[in-house]
Structures are given as structure tokens and as C-alpha cells.
Amino acid sequence: MRLASPFVAAVAFAGAAALAAPAAKDTVVMDGVAYQPATITVKRGATVSFVNKDPYPHTVTSAGNFDSKEIAAGKTWKYTAKKAGRFDYICTLHPNMKGTLVVE
Ligand SMILES: [Cu+2]
């Protein structure tokens, strides 16, 4: 039985992760003037949600590729990644905020 319990625990954990996945999948949170995660990798065609949890606006701007414009506090901007590639982006209001979107 001692050997079985880690397996059971792993299955329980995987189940919990699967339940939590829809909310967290393909999501970047803006919190503390930072993108979390700083680099996100998604499949081509995926819709990426950028959730602003800070009390002031941010942008998600990749010059020539995409630009959210200002995302107000508490709001979410969604971007459908139709083009494959690696896209570095910044917040135009806080240029030291940097993130990377990798579309496979
Ligand atoms: Cu910002």
C-alpha cells in the first residue's frame, strides 16, 4: 500500500490540474507591473487572454504585430494568435514591462 499512495496522489493532482486548466490556459496575467508568465507558448489559432490585475492600465504591444491599446484595470484583452513566430511585446505605458508570445 505504501507504493500505491504516491500514484493515487499523482492521479488526484492531475485531476485537479485538469479542472483548473480552462481558466489558466493561454493566459497572461499583468500583476505588479509584470507579465506572468513572461514567456508564453501557444498553438497557432489559440486565443490568448491578457488579464490586467493591476489597479492601472497596461498595454500588450508588439510593434507591427499586435497592439491591445490600453487595457483598463481589471479588464481582459483577448488576442487570437493566427501567425506563427516569436513576438516580443511591451507595455507602452511601462516600457520596462516585457513579454514574449511564442506561437507554434
Ligand atoms: Cu503597463
# chains A, B, ... in the order shown; residues from 1 in each chain; ligands from 1

call {"tool": "residues_near_ligand", "arguments": {"ligand": "ligand 1", "cutoff": "10 Å", "atoms": "only C-alpha atoms and all ligand atoms", "output": "ChimeraX atom specification"}}
result
/A:30-35,52,54,56-60,70-72,90-98

call {"tool": "residues_around", "arguments": {"residues": "Ala46 (chain A)", "least_positions_apart": "4", "cutoff": "9 Å", "atoms": "only C-alpha atoms", "output": "short mmCIF file (atom, residue, chain, number, x, y, z; two decimals) with C-alpha atoms, in the first residue's frame"}}
result
data_model
loop_
_atom_site.label_atom_id
_atom_site.label_comp_id
_atom_site.auth_asym_id
_atom_site.auth_seq_id
_atom_site.Cartn_x
_atom_site.Cartn_y
_atom_site.Cartn_z
CA ASP A 26 -3.19 30.54 -22.66
CA VAL A 42 0.60 28.67 -27.58
CA TYR A 79 -5.73 38.01 -28.92
CA THR A 80 -6.11 35.23 -31.43
CA ALA A 81 -2.64 34.11 -32.49
CA LYS A 82 -3.08 33.43 -36.19
CA VAL A 103 3.12 30.85 -31.45
#

call {"tool": "atom_distance", "arguments": {"atom1": "CA of Phe87 (chain A)", "atom2": "CA of Glu104 (chain A)"}}
result
11.2 Å

call {"tool": "residues_around", "arguments": {"residues": "Val28 (chain A)", "least_positions_apart": "3", "cutoff": "7 Å", "atoms": "only C-alpha atoms", "output": "JSON, numbers by chain"}}
result
{"A": [35, 36, 37, 49, 50, 51]}

call {"tool": "write_last_selection", "arguments": {"atoms": "N, CA and C atoms", "output": "compact mmCIF listing (two decimals), in the first residue's frame"}}
result
# COMPACT_ATOMS: atom_id res chain seq x y z
N TYR A 35 4.41 40.90 -16.68
CA TYR A 35 3.61 39.86 -17.34
C TYR A 35 3.98 38.52 -16.73
N GLN A 36 2.97 37.75 -16.38
CA GLN A 36 3.21 36.43 -15.79
C GLN A 36 2.40 35.38 -16.54
N PRO A 37 2.99 34.41 -17.19
CA PRO A 37 4.45 34.25 -17.31
C PRO A 37 5.02 35.26 -18.31
N SER A 49 -5.52 35.17 -23.51
CA SER A 49 -6.16 36.19 -22.67
C SER A 49 -5.09 36.91 -21.87
N PHE A 50 -5.13 38.22 -21.94
CA PHE A 50 -4.23 39.06 -21.13
C PHE A 50 -5.09 39.74 -20.07
N VAL A 51 -4.88 39.33 -18.83
CA VAL A 51 -5.73 39.78 -17.73
C VAL A 51 -4.98 40.81 -16.90

call {"tool": "select_by_dssp", "arguments": {"residues": "region 23-90 of chain A", "states": "strand (DSSP E)", "output": "PyMOL selection string"}}
result
chain A and resi 27-30+35-36+39-42+47-52+61-62+66-67+76-80+85-90
